[in-house]
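Trainee: Next comes upload.pdb, PDB, C-alpha atoms:
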```pdb
MODEL        1
ATOM      1  CA  VAL A 215       0.000   0.000   0.000
ATOM      2  CA  GLN A 216       1.294   3.426  -0.886
ATOM      3  CA  LEU A 217      -0.270   6.853  -0.427
ATOM      4  CA  VAL A 218       1.517   9.891  -1.854
ATOM      5  CA  GLU A 219       0.221  13.403  -1.175
ATOM      6  CA  SER A 220       0.977  16.439  -3.300
ATOM      7  CA  GLY A 221      -0.268  19.953  -3.884
ATOM      8  CA  GLY A 222       0.769  21.653  -0.687
ATOM      9  CA  ASN A 223       2.161  25.153  -0.999
ATOM     10  CA  LEU A 224       2.447  28.615   0.490
ATOM     11  CA  VAL A 225      -0.702  30.626  -0.195
ATOM     12  CA  GLN A 226      -2.184  33.894   1.003
ATOM     13  CA  ALA A 227      -5.236  33.977   3.224
ATOM     14  CA  GLY A 228      -8.382  33.751   1.133
ATOM     15  CA  GLY A 229      -6.654  31.664  -1.503
ATOM     16  CA  SER A 230      -7.256  28.128  -2.709
ATOM     17  CA  LEU A 231      -5.314  24.906  -3.081
ATOM     18  CA  ARG A 232      -6.106  21.401  -4.225
ATOM     19  CA  LEU A 233      -4.360  18.525  -2.529
ATOM     20  CA  SER A 234      -4.049  15.144  -4.194
ATOM     21  CA  CYS A 235      -3.322  11.718  -2.779
ATOM     22  CA  ALA A 236      -2.265   9.031  -5.255
ATOM     23  CA  ALA A 237      -3.107   5.576  -3.950
ATOM     24  CA  SER A 238      -1.638   2.261  -5.066
ATOM     25  CA  GLY A 239      -1.287  -1.311  -3.890
ATOM     26  CA  PHE A 240      -4.903  -1.867  -2.913
ATOM     27  CA  ASN A 241      -8.395  -1.679  -4.340
ATOM     28  CA  PHE A 242      -9.217   2.006  -3.966
ATOM     29  CA  ARG A 243     -12.938   1.488  -4.512
ATOM     30  CA  HIS A 244     -13.192  -0.725  -1.440
ATOM     31  CA  HIS A 245     -11.987   1.775   1.144
ATOM     32  CA  ALA A 246     -13.163   4.974   2.742
ATOM     33  CA  MET A 247     -10.436   7.610   2.867
ATOM     34  CA  THR A 248      -9.621  10.437   5.240
ATOM     35  CA  TRP A 249      -7.649  13.669   5.273
ATOM     36  CA  VAL A 250      -5.976  14.456   8.587
ATOM     37  CA  ARG A 251      -3.898  17.499   9.446
ATOM     38  CA  GLN A 252      -1.451  18.482  12.135
ATOM     39  CA  ALA A 253      -0.715  22.100  12.838
ATOM     40  CA  PRO A 254       2.598  23.103  14.438
ATOM     41  CA  GLY A 255       2.594  22.171  18.109
ATOM     42  CA  LYS A 256      -0.906  20.678  17.950
ATOM     43  CA  GLY A 257      -2.468  17.245  17.727
ATOM     44  CA  LEU A 258      -3.990  15.452  14.789
ATOM     45  CA  GLU A 259      -7.298  16.713  13.440
ATOM     46  CA  ARG A 260      -9.513  14.721  11.100
ATOM     47  CA  VAL A 261     -10.414  17.201   8.369
ATOM     48  CA  SER A 262     -12.697  15.171   6.151
ATOM     49  CA  ARG A 263     -13.777  11.647   5.359
ATOM     50  CA  ILE A 264     -15.283  10.116   2.231
ATOM     51  CA  ASN A 265     -16.892   6.713   1.877
ATOM     52  CA  ASN A 266     -15.660   3.965  -0.423
ATOM     53  CA  LYS A 267     -17.987   4.870  -3.312
ATOM     54  CA  GLY A 268     -17.249   8.571  -3.033
ATOM     55  CA  ASP A 269     -20.903   9.555  -2.678
ATOM     56  CA  TRP A 270     -20.903  10.547   0.986
ATOM     57  CA  ALA A 271     -18.533  12.746   2.960
ATOM     58  CA  ASP A 272     -18.292  14.613   6.217
ATOM     59  CA  TYR A 273     -16.154  17.484   7.451
ATOM     60  CA  ALA A 274     -14.753  18.984  10.596
ATOM     61  CA  ASP A 275     -16.676  22.065  11.671
ATOM     62  CA  SER A 276     -13.516  24.103  11.192
ATOM     63  CA  VAL A 277     -13.505  23.469   7.423
ATOM     64  CA  LYS A 278     -17.165  22.900   6.613
ATOM     65  CA  GLY A 279     -18.277  25.002   3.669
ATOM     66  CA  ARG A 280     -14.684  25.745   2.614
ATOM     67  CA  PHE A 281     -13.175  22.318   1.855
ATOM     68  CA  THR A 282     -14.465  19.610  -0.470
ATOM     69  CA  ILE A 283     -13.234  16.030  -0.487
ATOM     70  CA  SER A 284     -13.592  13.804  -3.522
ATOM     71  CA  LYS A 285     -12.196  10.595  -4.913
ATOM     72  CA  ASP A 286     -11.581   9.565  -8.506
ATOM     73  CA  ILE A 287     -11.846   5.791  -8.395
ATOM     74  CA  ALA A 288     -10.642   5.362 -11.977
ATOM     75  CA  LYS A 289      -7.447   7.252 -11.142
ATOM     76  CA  SER A 290      -7.118   5.891  -7.581
ATOM     77  CA  THR A 291      -6.714   9.446  -6.392
ATOM     78  CA  LEU A 292      -8.160  11.301  -3.439
ATOM     79  CA  TYR A 293      -8.539  15.077  -3.514
ATOM     80  CA  LEU A 294      -9.100  17.885  -1.072
ATOM     81  CA  GLN A 295     -10.189  21.167  -2.617
ATOM     82  CA  MET A 296      -9.529  23.953  -0.139
ATOM     83  CA  SER A 297     -10.836  27.479  -0.548
ATOM     84  CA  SER A 298     -11.100  30.608   1.596
ATOM     85  CA  LEU A 299      -7.957  29.457   3.351
ATOM     86  CA  LYS A 300      -7.123  30.900   6.746
ATOM     87  CA  PRO A 301      -3.813  31.088   8.609
ATOM     88  CA  GLU A 302      -5.177  28.511  11.058
ATOM     89  CA  ASP A 303      -5.338  26.017   8.166
ATOM     90  CA  THR A 304      -1.551  25.950   8.165
ATOM     91  CA  ALA A 305      -0.584  22.337   8.801
ATOM     92  CA  GLN A 306       0.903  19.173   7.436
ATOM     93  CA  TYR A 307      -1.886  17.358   5.612
ATOM     94  CA  TYR A 308      -2.004  13.570   5.424
ATOM     95  CA  CYS A 309      -4.263  11.188   3.572
ATOM     96  CA  ALA A 310      -5.041   7.883   5.202
ATOM     97  CA  ARG A 311      -6.827   4.693   4.276
ATOM     98  CA  GLU A 312      -9.677   3.553   6.445
ATOM     99  CA  ASN A 313     -10.013  -0.138   7.270
ATOM    100  CA  PHE A 314     -12.706  -1.290   9.680
ATOM    101  CA  TYR A 315     -12.940   2.164  11.247
ATOM    102  CA  THR A 316      -9.196   2.518  11.777
ATOM    103  CA  LEU A 317      -6.698   4.456   9.685
ATOM    104  CA  ASP A 318      -4.256   1.723   8.809
ATOM    105  CA  PHE A 319      -2.020   3.351   6.172
ATOM    106  CA  TRP A 320      -0.876   6.953   5.960
ATOM    107  CA  GLY A 321       1.017   9.020   3.446
ATOM    108  CA  ARG A 322       4.017  11.149   4.365
ATOM    109  CA  GLY A 323       2.066  14.360   4.118
ATOM    110  CA  THR A 324       2.169  17.649   2.247
ATOM    111  CA  GLN A 325       2.695  21.062   3.839
ATOM    112  CA  VAL A 326       0.125  23.828   3.527
ATOM    113  CA  THR A 327       1.127  27.262   4.765
ATOM    114  CA  VAL A 328      -1.354  30.135   4.735
ATOM    115  CA  SER A 329       0.052  33.617   5.231
ATOM    116  CA  SER A 330      -2.018  36.439   6.687
TER     117      SER A 330
ENDMDL
END
```
Go ahead and express the file in the form of structure tokens.

Mentor:
Amino acid sequence: VQLVESGGNLVQAGGSLRLSCAASGFNFRHHAMTWVRQAPGKGLERVSRINNKGDWADYADSVKGRFTISKDIAKSTLYLQMSSLKPEDTAQYYCARENFYTLDFWGRGTQVTVSS
């Protein structure tokens, strides 16, 4: 199993970014997927989750209405579209595979920095 995130960058507040997570080594259509972030000096925060089919998702209150998760099953790729970014969104963002309600594989992460 391999998960590789990309798309992180330095962006000004109010800007947008799209993160990608390329998945390989397993059947992508069989697993729910999650984006998790960790801000400097803080714990892990689940940002968003999408089910295996990609037709249901939920979001942390802190990002609801600004972030959109999606998955392209044909490309085995998970996305996180982020808009109206705030400095408090600055964090390392990880994608993770869900397996029986646990996150059993994680990527190495991609850094998002939002300047004020």

Trainee: Work out how far apart CA of Glu302 in chain A and CA of Gly221 in chain A are and give it in Å to one decimal.

Mentor: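 Spanning CA of Glu302 in chain A to CA of Gly221 in chain A is a straight-line distance of 17.9 Å.
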
Trainee: Would you compute the distance between CA of Tyr315 in chain A and CA of Gly257 in chain A? Give it in Å to one decimal.

Mentor: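 Interatomic distance here is 19.5 Å.
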
Trainee: Compare A:Val250, A:Leu224, A:Val326, A:Met296 by their minimum atom-to-atom distance to Cys309 in chain A, counting only C-alpha atoms, and give me the closest one.

Mentor: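 The closest residue to Cys309 in chain A is A:Val250.
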
Trainee: Could you state which residues are captured by the PyMOL selection byres ((chain A and resi 284-294) around 7) in this file, as a VMD selection string?

Mentor: chain A and resid 232 to 237 242 to 243 268 281 to 283 295 to 296

Trainee: I need the output of the PyMOL selection byres ((chain A and resi 226) around 6) for this file as a list in words; which residues are they?

Mentor: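 With the shown file as input, the PyMOL selection byres ((chain A and resi 226) around 6) matches Val225, Ala227, Gly229, Val328 and Ser329 of chain A.
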
Trainee: Suppose you want the space between CA of Trp249 in chain A and CA of Ser262 in chain A; what is it in Å?

Mentor: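 Between these atoms lies a distance of 5.3 Å.
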
Trainee: Please list as a PyMOL selection string every residue within 7 Å of Ser230 in chain A, counting all atoms listed in the file and excluding residues in the same chain fewer than 4 positions away.

Mentor: chain A and resi 296-299

Trainee: For Leu217 in chain A, work out the shell of residues within 9 Å, counting all atoms listed in the file and skipping chain neighbours fewer than 2 positions away, then give it as a PDB file with C-alpha atoms, keeping the file's coordinate frame.

Mentor:
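Result file follows (around_10.pdb):
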```pdb
ATOM      1  CA  VAL A 215       0.000   0.000   0.000  1.00  0.00           C
ATOM      2  CA  GLU A 219       0.221  13.403  -1.175  1.00  0.00           C
ATOM      3  CA  CYS A 235      -3.322  11.718  -2.779  1.00  0.00           C
ATOM      4  CA  ALA A 236      -2.265   9.031  -5.255  1.00  0.00           C
ATOM      5  CA  ALA A 237      -3.107   5.576  -3.950  1.00  0.00           C
ATOM      6  CA  SER A 238      -1.638   2.261  -5.066  1.00  0.00           C
ATOM      7  CA  GLY A 239      -1.287  -1.311  -3.890  1.00  0.00           C
ATOM      8  CA  CYS A 309      -4.263  11.188   3.572  1.00  0.00           C
ATOM      9  CA  ALA A 310      -5.041   7.883   5.202  1.00  0.00           C
ATOM     10  CA  ARG A 311      -6.827   4.693   4.276  1.00  0.00           C
ATOM     11  CA  PHE A 319      -2.020   3.351   6.172  1.00  0.00           C
ATOM     12  CA  TRP A 320      -0.876   6.953   5.960  1.00  0.00           C
ATOM     13  CA  GLY A 321       1.017   9.020   3.446  1.00  0.00           C
ATOM     14  CA  ARG A 322       4.017  11.149   4.365  1.00  0.00           C
TER      15      ARG A 322
END
```

Trainee: Could the centre and edge lengths of an axis-aligned box, enclosing all atoms of range 233-245 of chain A in the file with 3 Å extra on each side, be given in Å to one decimal as AutoDock Vina command-line options?

Mentor:
```
--center_x -7.2 --center_y 8.3 --center_z -2.1 --size_x 17.9 --size_y 26.4 --size_z 12.4
```

Trainee: Starting from the point (-2.6, 18.0, 15.0), work out which residues of protein, DNA or RNA have an atom no more than 12 Å away when counting all atoms listed in the file; state them as a count of residues only.

Mentor: 20
